[in-house]
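Source file: start00.cif (mmCIF, C-alpha atoms)
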data_structure
loop_
_atom_site.label_atom_id
_atom_site.label_comp_id
_atom_site.auth_asym_id
_atom_site.auth_seq_id
_atom_site.Cartn_x
_atom_site.Cartn_y
_atom_site.Cartn_z
CA THR A 145 17.88 33.26 -12.06
CA GLN A 146 15.03 33.70 -9.64
CA GLN A 147 16.42 37.13 -8.79
CA LEU A 148 15.75 38.35 -12.32
CA LEU A 149 12.02 37.76 -12.13
CA PRO A 150 9.68 40.52 -10.98
CA ARG A 151 8.91 39.90 -7.35
CA TRP A 152 5.24 39.11 -7.87
CA THR A 153 5.87 36.19 -10.22
CA GLN A 154 7.43 34.37 -7.30
CA HIS A 155 4.31 34.41 -5.15
CA VAL A 156 1.14 32.77 -6.28
CA ARG A 157 -1.44 33.78 -3.69
CA PRO A 158 -5.06 32.98 -2.91
CA PHE A 159 -7.88 35.41 -3.72
CA ARG A 160 -11.63 35.06 -3.40
CA VAL A 161 -13.42 36.22 -6.48
CA THR A 162 -17.12 36.88 -6.77
CA ASP A 163 -19.37 37.95 -9.61
CA SER A 164 -21.32 41.20 -9.65
CA ASP A 165 -24.38 39.86 -7.83
CA ARG A 166 -22.28 37.83 -5.37
CA SER A 167 -24.06 34.62 -6.37
CA ILE A 168 -20.81 32.77 -7.10
CA LYS A 169 -17.56 33.03 -5.17
CA LYS A 170 -14.43 31.10 -6.10
CA GLY A 171 -10.99 30.66 -4.59
CA ILE A 172 -8.47 31.53 -7.27
CA MET A 173 -4.69 31.39 -7.06
CA ALA A 174 -2.87 34.14 -8.90
CA GLY A 175 0.62 35.53 -9.06
CA ASP A 176 -0.26 38.79 -10.73
CA LEU A 177 -3.23 40.75 -11.99
CA ARG A 178 -3.01 39.45 -15.53
CA ASP A 179 -2.88 35.89 -14.22
CA LEU A 180 -5.95 36.55 -12.09
CA GLN A 181 -7.86 38.04 -15.02
CA ASN A 182 -7.06 35.04 -17.19
CA LYS A 183 -8.16 32.56 -14.56
CA VAL A 184 -11.31 34.56 -13.85
CA MET A 185 -12.28 34.39 -17.52
CA ASP A 186 -11.95 30.60 -17.38
CA VAL A 187 -13.73 30.09 -14.10
CA PHE A 188 -16.58 32.53 -14.78
CA HIS A 189 -16.84 31.73 -18.51
CA MET A 190 -16.25 35.31 -19.55
CA ASN A 191 -14.77 36.51 -22.82
CA CYS A 192 -13.28 39.57 -21.23
CA VAL A 193 -13.06 41.20 -17.84
CA SER A 194 -14.24 44.79 -17.76
CA ALA A 195 -12.97 45.49 -14.26
CA VAL A 196 -11.68 43.89 -11.09
CA VAL A 197 -12.71 45.78 -7.94
CA LEU A 198 -12.47 45.25 -4.21
CA ASP A 199 -15.69 43.69 -2.95
CA GLU A 200 -15.56 45.74 0.23
CA ASP A 201 -15.74 49.20 -1.32
CA GLY A 202 -15.60 48.93 -5.10
CA THR A 203 -12.07 50.26 -5.46
CA GLY A 204 -10.80 49.49 -8.95
CA VAL A 205 -7.77 47.21 -9.08
CA ASP A 206 -6.26 48.41 -12.33
CA THR A 207 -2.53 48.21 -11.77
CA GLU A 208 -0.13 45.43 -10.95
CA GLU A 209 1.42 47.56 -8.23
CA PHE A 210 -1.84 48.05 -6.38
CA PHE A 211 -2.77 44.38 -6.85
CA GLN A 212 0.47 43.38 -5.19
CA THR A 213 -0.46 45.30 -2.03
CA LEU A 214 -3.61 43.21 -1.51
CA LYS A 215 -3.62 40.71 1.30
CA ASP A 216 -4.05 36.99 0.70
CA ASN A 217 -7.72 36.04 0.44
CA THR A 218 -8.86 39.53 -0.41
CA VAL A 219 -12.36 39.34 -1.85
CA LEU A 220 -12.46 40.72 -5.37
CA MET A 221 -15.46 41.32 -7.58
CA VAL A 222 -15.20 40.80 -11.30
CA LEU A 223 -17.36 42.95 -13.55
CA ARG A 224 -18.48 42.42 -17.11
CA LYS A 225 -19.03 45.39 -19.38
CA GLY A 226 -21.92 47.48 -18.12
CA GLN A 227 -21.92 45.92 -14.66
CA LYS A 228 -21.30 48.07 -11.60
CA TRP A 229 -20.20 47.40 -8.06
CA THR A 230 -22.88 47.87 -5.42
CA PRO A 231 -22.37 47.78 -1.67
CA GLN A 232 -23.09 44.64 0.24
CA GLN A 233 -26.37 44.71 2.12
CA ARG A 234 -25.03 43.25 5.37
CA HIS A 235 -24.81 45.29 8.54
CA LEU A 236 -28.20 46.85 7.91
CA PRO A 237 -30.53 44.59 9.88
CA GLY A 238 -34.16 45.44 9.56
CA GLN A 239 -33.85 46.76 6.06
CA MET A 240 -33.89 43.52 4.14
CA THR B 63 22.85 57.43 -1.86
CA GLN B 64 19.52 56.35 -0.43
CA GLN B 65 20.13 58.67 2.49
CA LEU B 66 20.04 61.69 0.19
CA LEU B 67 16.49 61.06 -0.99
CA PRO B 68 13.56 62.62 0.82
CA ARG B 69 12.06 59.95 2.99
CA TRP B 70 8.77 59.76 1.12
CA THR B 71 10.30 58.90 -2.25
CA GLN B 72 11.35 55.61 -0.77
CA HIS B 73 7.82 54.42 -0.05
CA VAL B 74 5.26 54.04 -2.78
CA ARG B 75 2.02 53.27 -0.96
CA PRO B 76 -1.53 52.34 -1.88
CA PHE B 77 -4.36 54.86 -1.71
CA ARG B 78 -7.99 54.64 -2.75
CA VAL B 79 -9.11 57.63 -4.72
CA THR B 80 -12.68 58.52 -5.54
CA ASP B 81 -14.31 61.28 -7.54
CA SER B 82 -16.63 63.89 -6.07
CA ASP B 83 -19.82 61.84 -6.44
CA ARG B 84 -18.11 58.59 -5.37
CA SER B 85 -19.13 56.85 -8.59
CA ILE B 86 -15.56 55.77 -9.39
CA LYS B 87 -12.95 54.58 -6.93
CA LYS B 88 -9.47 53.49 -7.97
CA GLY B 89 -6.50 51.97 -6.22
CA ILE B 90 -3.54 54.23 -6.89
CA MET B 91 0.06 53.81 -5.80
CA ALA B 92 1.88 57.00 -4.90
CA GLY B 93 5.08 57.97 -3.18
CA ASP B 94 4.22 61.59 -2.57
CA LEU B 95 1.38 64.05 -3.04
CA ARG B 96 2.65 65.35 -6.38
CA ASP B 97 2.95 61.77 -7.64
CA LEU B 98 -0.61 61.07 -6.51
CA GLN B 99 -1.95 64.19 -8.24
CA ASN B 100 -0.22 63.25 -11.48
CA LYS B 101 -1.59 59.73 -11.44
CA VAL B 102 -5.05 60.97 -10.54
CA MET B 103 -5.06 63.25 -13.58
CA ASP B 104 -4.23 60.25 -15.77
CA VAL B 105 -6.69 57.85 -14.19
CA PHE B 106 -9.59 60.31 -13.97
CA HIS B 107 -8.82 62.11 -17.23
CA MET B 108 -8.51 65.50 -15.56
CA ASN B 109 -6.48 68.46 -16.75
CA CYS B 110 -5.86 69.70 -13.27
CA VAL B 111 -6.67 68.74 -9.71
CA SER B 112 -8.34 71.47 -7.72
CA ALA B 113 -8.08 69.68 -4.38
CA VAL B 114 -7.40 66.35 -2.70
CA VAL B 115 -9.41 65.81 0.47
CA LEU B 116 -10.05 62.99 2.90
CA ASP B 117 -13.21 61.13 1.90
CA GLU B 118 -14.20 60.60 5.51
CA ASP B 119 -14.49 64.25 6.53
CA GLY B 120 -13.38 66.51 3.69
CA THR B 121 -10.07 67.54 5.26
CA GLY B 122 -7.87 69.14 2.60
CA VAL B 123 -4.62 67.32 1.93
CA ASP B 124 -2.53 70.25 0.75
CA THR B 125 0.95 69.53 2.03
CA GLU B 126 3.46 66.79 1.49
CA GLU B 127 4.01 66.51 5.21
CA PHE B 128 0.35 65.88 5.98
CA PHE B 129 0.07 63.45 3.06
CA GLN B 130 2.94 61.44 4.50
CA THR B 131 1.05 60.92 7.74
CA LEU B 132 -1.86 59.18 5.98
CA LYS B 133 -2.21 55.45 6.46
CA ASP B 134 -1.98 53.03 3.54
CA ASN B 135 -5.31 52.67 1.73
CA THR B 136 -6.68 55.96 3.02
CA VAL B 137 -9.67 56.95 0.90
CA LEU B 138 -9.09 60.29 -0.80
CA MET B 139 -11.52 62.34 -2.85
CA VAL B 140 -10.27 64.33 -5.81
CA LEU B 141 -12.10 67.52 -6.69
CA ARG B 142 -12.26 69.46 -9.92
CA LYS B 143 -12.63 73.22 -9.86
CA GLY B 144 -16.01 74.16 -8.40
CA GLN B 145 -16.63 70.72 -6.86
CA LYS B 146 -17.13 70.32 -3.13
CA TRP B 147 -16.83 67.47 -0.68
CA THR B 148 -20.11 66.18 0.74
CA PRO B 149 -20.53 63.59 3.50
CA GLN B 150 -21.16 59.98 2.66
CA GLN B 151 -24.73 58.75 3.05
CA ARG B 152 -23.93 55.30 4.47
CA HIS B 153 -24.47 54.35 8.10
CA LEU B 154 -27.75 56.20 8.10
CA PRO B 155 -30.26 53.36 8.02
CA GLY B 156 -33.78 54.54 7.51
CA GLN B 157 -32.73 57.57 5.55
CA MET B 158 -32.02 55.92 2.22
#

Will you turn the file into structure tokens for me?
Amino acid sequence: TQQLLPRWTQHVRPFRVTDSDRSIKKGIMAGDLRDLQNKVMDVFHMNCVSAVVLDEDGTGVDTEEFFQTLKDNTVLMVLRKGQKWTPQQRHLPGQM
Amino acid sequence: TQQLLPRWTQHVRPFRVTDSDRSIKKGIMAGDLRDLQNKVMDVFHMNCVSAVVLDEDGTGVDTEEFFQTLKDNTVLMVLRKGQKWTPQQRHLPGQM
């Protein structure tokens, strides 16, 4: 019966999820994008998730297929409505 | 039968696609250049794609063969008619 399941339901994997100002970061296990969004709403006390993006460059993770290509422990940023991804300020010594 | 398919239809791969002002970036899965263009039109609500270029240096990605040489997660910029690629402003500390 395991063969009948979509591949991604078989692998619950770790992700690191941060909020838009990177003040909170949580390890969250998820098997698929919907699962991640549901857990994020619990953990971050959100009613809905406007977007999930890659922390590194703000790429929107909108599809299950793209989500499944992400490596374990990828850092994701969760955005509420109206919030936007901004680049991390590291690697610019002397400017902060 | 798999042998009869063009090689690229067998590999749907992740790309990161941004618009001309880099305000939106989306993870998009595509097996070939035509597939990418179709998905880009959906995701970015465009009627037609004028050009797909490499974000890093503006190189036009016009042929299937060149597209197939791109690494997974290459950042592509999609241009509407009249839009042009411009270099990214990062890595220029002191200028921003």

Interatomic distance (Å, one decimal) between atom CA of Ser194 of chain A and atom CA of Val105 of chain B
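According to the coordinates, atom CA of Ser194 of chain A and atom CA of Val105 of chain B are separated by 15.5 Å.
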
Could you check which of B:Thr136, B:Phe77, B:Trp147, B:Asp124 is closest to Leu98 of chain B, using only C-alpha atoms?
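Distance minimum relative to Leu98 of chain B lands on B:Phe77.
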
Result set, the PyMOL selection byres ((chain B) within 8 of (chain A)) on current file, as a list of chain:residue names
B:Pro76, B:Arg78, B:Val79, B:Ile86, B:Lys87, B:Lys88, B:Gly89, B:Ile90, B:Met91, B:Pro155, B:Gly156

Would you give the centre and edge lengths, in Å to one decimal, of a box along x, y and z around the listed atoms of segment 195-204 of chain A, with 5 Å added to each side, as AutoDock Vina command-line options?
--center_x -13.3 --center_y 47.0 --center_z -7.0 --size_x 14.9 --size_y 16.6 --size_z 24.5

What does the structure give for the distance between atom CA of Asp163 of chain A and atom CA of Asp179 of chain A, in Å to one decimal?
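Interatomic distance here is 17.2 Å.
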
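The space between atom CA of Ala174 of chain A and atom CA of Asp216 of chain A spans 10.1 Å.
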
Put chain A on top of chain B with a least-squares fit on all C-alpha atoms, paired in order, and send it back as an mmCIF file with C-alpha atoms, keeping the file's coordinate frame.
data_model
loop_
_atom_site.group_PDB
_atom_site.id
_atom_site.type_symbol
_atom_site.label_atom_id
_atom_site.label_comp_id
_atom_site.auth_asym_id
_atom_site.auth_seq_id
_atom_site.Cartn_x
_atom_site.Cartn_y
_atom_site.Cartn_z
ATOM 1 C CA THR A 145 22.788 57.601 -2.098
ATOM 2 C CA GLN A 146 19.418 56.470 -0.858
ATOM 3 C CA GLN A 147 20.044 58.444 2.325
ATOM 4 C CA LEU A 148 20.044 61.704 0.382
ATOM 5 C CA LEU A 149 16.504 61.292 -0.880
ATOM 6 C CA PRO A 150 13.575 62.721 1.068
ATOM 7 C CA ARG A 151 12.079 59.910 3.071
ATOM 8 C CA TRP A 152 8.792 59.809 1.186
ATOM 9 C CA THR A 153 10.382 59.116 -2.196
ATOM 10 C CA GLN A 154 11.469 55.765 -0.831
ATOM 11 C CA HIS A 155 7.963 54.520 -0.115
ATOM 12 C CA VAL A 156 5.426 54.156 -2.844
ATOM 13 C CA ARG A 157 2.191 53.332 -1.044
ATOM 14 C CA PRO A 158 -1.350 52.370 -1.986
ATOM 15 C CA PHE A 159 -4.232 54.854 -1.790
ATOM 16 C CA ARG A 160 -7.858 54.539 -2.811
ATOM 17 C CA VAL A 161 -9.030 57.506 -4.775
ATOM 18 C CA THR A 162 -12.615 58.350 -5.576
ATOM 19 C CA ASP A 163 -14.272 61.112 -7.552
ATOM 20 C CA SER A 164 -16.621 63.674 -6.039
ATOM 21 C CA ASP A 165 -19.787 61.600 -6.425
ATOM 22 C CA ARG A 166 -18.042 58.369 -5.378
ATOM 23 C CA SER A 167 -19.040 56.676 -8.635
ATOM 24 C CA ILE A 168 -15.471 55.619 -9.450
ATOM 25 C CA LYS A 169 -12.839 54.415 -7.006
ATOM 26 C CA LYS A 170 -9.326 53.435 -8.049
ATOM 27 C CA GLY A 171 -6.309 51.969 -6.301
ATOM 28 C CA ILE A 172 -3.391 54.273 -6.982
ATOM 29 C CA MET A 173 0.213 53.871 -5.884
ATOM 30 C CA ALA A 174 1.982 57.074 -4.952
ATOM 31 C CA GLY A 175 5.165 58.081 -3.222
ATOM 32 C CA ASP A 176 4.225 61.672 -2.582
ATOM 33 C CA LEU A 177 1.374 64.101 -3.050
ATOM 34 C CA ARG A 178 2.607 65.428 -6.365
ATOM 35 C CA ASP A 179 2.956 61.877 -7.662
ATOM 36 C CA LEU A 180 -0.590 61.111 -6.550
ATOM 37 C CA GLN A 181 -1.962 64.234 -8.229
ATOM 38 C CA ASN A 182 -0.239 63.356 -11.486
ATOM 39 C CA LYS A 183 -1.541 59.809 -11.480
ATOM 40 C CA VAL A 184 -5.032 60.987 -10.556
ATOM 41 C CA MET A 185 -5.080 63.302 -13.569
ATOM 42 C CA ASP A 186 -4.231 60.335 -15.799
ATOM 43 C CA VAL A 187 -6.632 57.879 -14.254
ATOM 44 C CA PHE A 188 -9.575 60.286 -13.966
ATOM 45 C CA HIS A 189 -8.833 62.134 -17.230
ATOM 46 C CA MET A 190 -8.556 65.493 -15.529
ATOM 47 C CA ASN A 191 -6.548 68.476 -16.708
ATOM 48 C CA CYS A 192 -5.945 69.683 -13.202
ATOM 49 C CA VAL A 193 -6.769 68.685 -9.663
ATOM 50 C CA SER A 194 -8.457 71.393 -7.636
ATOM 51 C CA ALA A 195 -8.160 69.577 -4.325
ATOM 52 C CA VAL A 196 -7.423 66.240 -2.714
ATOM 53 C CA VAL A 197 -9.431 65.648 0.476
ATOM 54 C CA LEU A 198 -9.994 62.797 2.885
ATOM 55 C CA ASP A 199 -13.150 60.930 1.912
ATOM 56 C CA GLU A 200 -14.075 60.391 5.543
ATOM 57 C CA ASP A 201 -14.401 64.025 6.589
ATOM 58 C CA GLY A 202 -13.342 66.289 3.737
ATOM 59 C CA THR A 203 -10.064 67.380 5.295
ATOM 60 C CA GLY A 204 -7.913 69.029 2.643
ATOM 61 C CA VAL A 205 -4.632 67.265 1.923
ATOM 62 C CA ASP A 206 -2.599 70.234 0.767
ATOM 63 C CA THR A 207 0.883 69.559 2.064
ATOM 64 C CA GLU A 208 3.411 66.823 1.536
ATOM 65 C CA GLU A 209 3.947 66.585 5.277
ATOM 66 C CA PHE A 210 0.309 65.882 6.027
ATOM 67 C CA PHE A 211 0.072 63.458 3.090
ATOM 68 C CA GLN A 212 2.946 61.480 4.533
ATOM 69 C CA THR A 213 1.027 60.900 7.776
ATOM 70 C CA LEU A 214 -1.809 59.115 5.952
ATOM 71 C CA LYS A 215 -2.104 55.389 6.373
ATOM 72 C CA ASP A 216 -1.822 52.992 3.447
ATOM 73 C CA ASN A 217 -5.146 52.600 1.648
ATOM 74 C CA THR A 218 -6.562 55.839 2.953
ATOM 75 C CA VAL A 219 -9.560 56.786 0.837
ATOM 76 C CA LEU A 220 -9.038 60.136 -0.840
ATOM 77 C CA MET A 221 -11.493 62.162 -2.868
ATOM 78 C CA VAL A 222 -10.295 64.193 -5.803
ATOM 79 C CA LEU A 223 -12.165 67.380 -6.640
ATOM 80 C CA ARG A 224 -12.329 69.357 -9.845
ATOM 81 C CA LYS A 225 -12.769 73.108 -9.731
ATOM 82 C CA GLY A 226 -16.152 73.983 -8.282
ATOM 83 C CA GLN A 227 -16.729 70.541 -6.791
ATOM 84 C CA LYS A 228 -17.169 70.135 -3.048
ATOM 85 C CA TRP A 229 -16.841 67.266 -0.629
ATOM 86 C CA THR A 230 -20.103 66.006 0.835
ATOM 87 C CA PRO A 231 -20.477 63.462 3.613
ATOM 88 C CA GLN A 232 -21.148 59.872 2.783
ATOM 89 C CA GLN A 233 -24.749 58.833 3.281
ATOM 90 C CA ARG A 234 -24.004 55.548 5.052
ATOM 91 C CA HIS A 235 -24.838 55.004 8.695
ATOM 92 C CA LEU A 236 -28.180 56.737 8.309
ATOM 93 C CA PRO A 237 -30.543 53.840 7.643
ATOM 94 C CA GLY A 238 -34.082 54.844 6.961
ATOM 95 C CA GLN A 239 -33.163 58.118 5.372
ATOM 96 C CA MET A 240 -32.269 56.931 1.912
#

Across A:Asn191, A:Gln227, A:Asn217, A:Gln233, the smallest distance to Val156 of chain A, with all atoms listed in the file counted, is shown by A:Asn217

Residues near Met190 of chain A, anyone? I mean within 12 Å using all atoms listed in the file, not counting same-chain ones fewer than 4 positions away, as a list in words.
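Within the cut-off, the hits are Asp163, Gln181, Asn182, Lys183, Val184, Met185, Asp186, Ser194, Ala195, Val222, Leu223, Arg224 and Lys225 of chain A.
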
9 Å contact set for Gln150 of chain B, only C-alpha atoms, chain neighbours under 4 positions out, as a PDB file with C-alpha atoms, in the frame of the given file:
ATOM      1  CA  ARG B  84     -18.110  58.590  -5.370  1.00  0.00           C
ATOM      2  CA  ASP B 117     -13.210  61.130   1.900  1.00  0.00           C
ATOM      3  CA  GLU B 118     -14.200  60.600   5.510  1.00  0.00           C
ATOM      4  CA  ASP B 119     -14.490  64.250   6.530  1.00  0.00           C
TER       5      ASP B 119
END
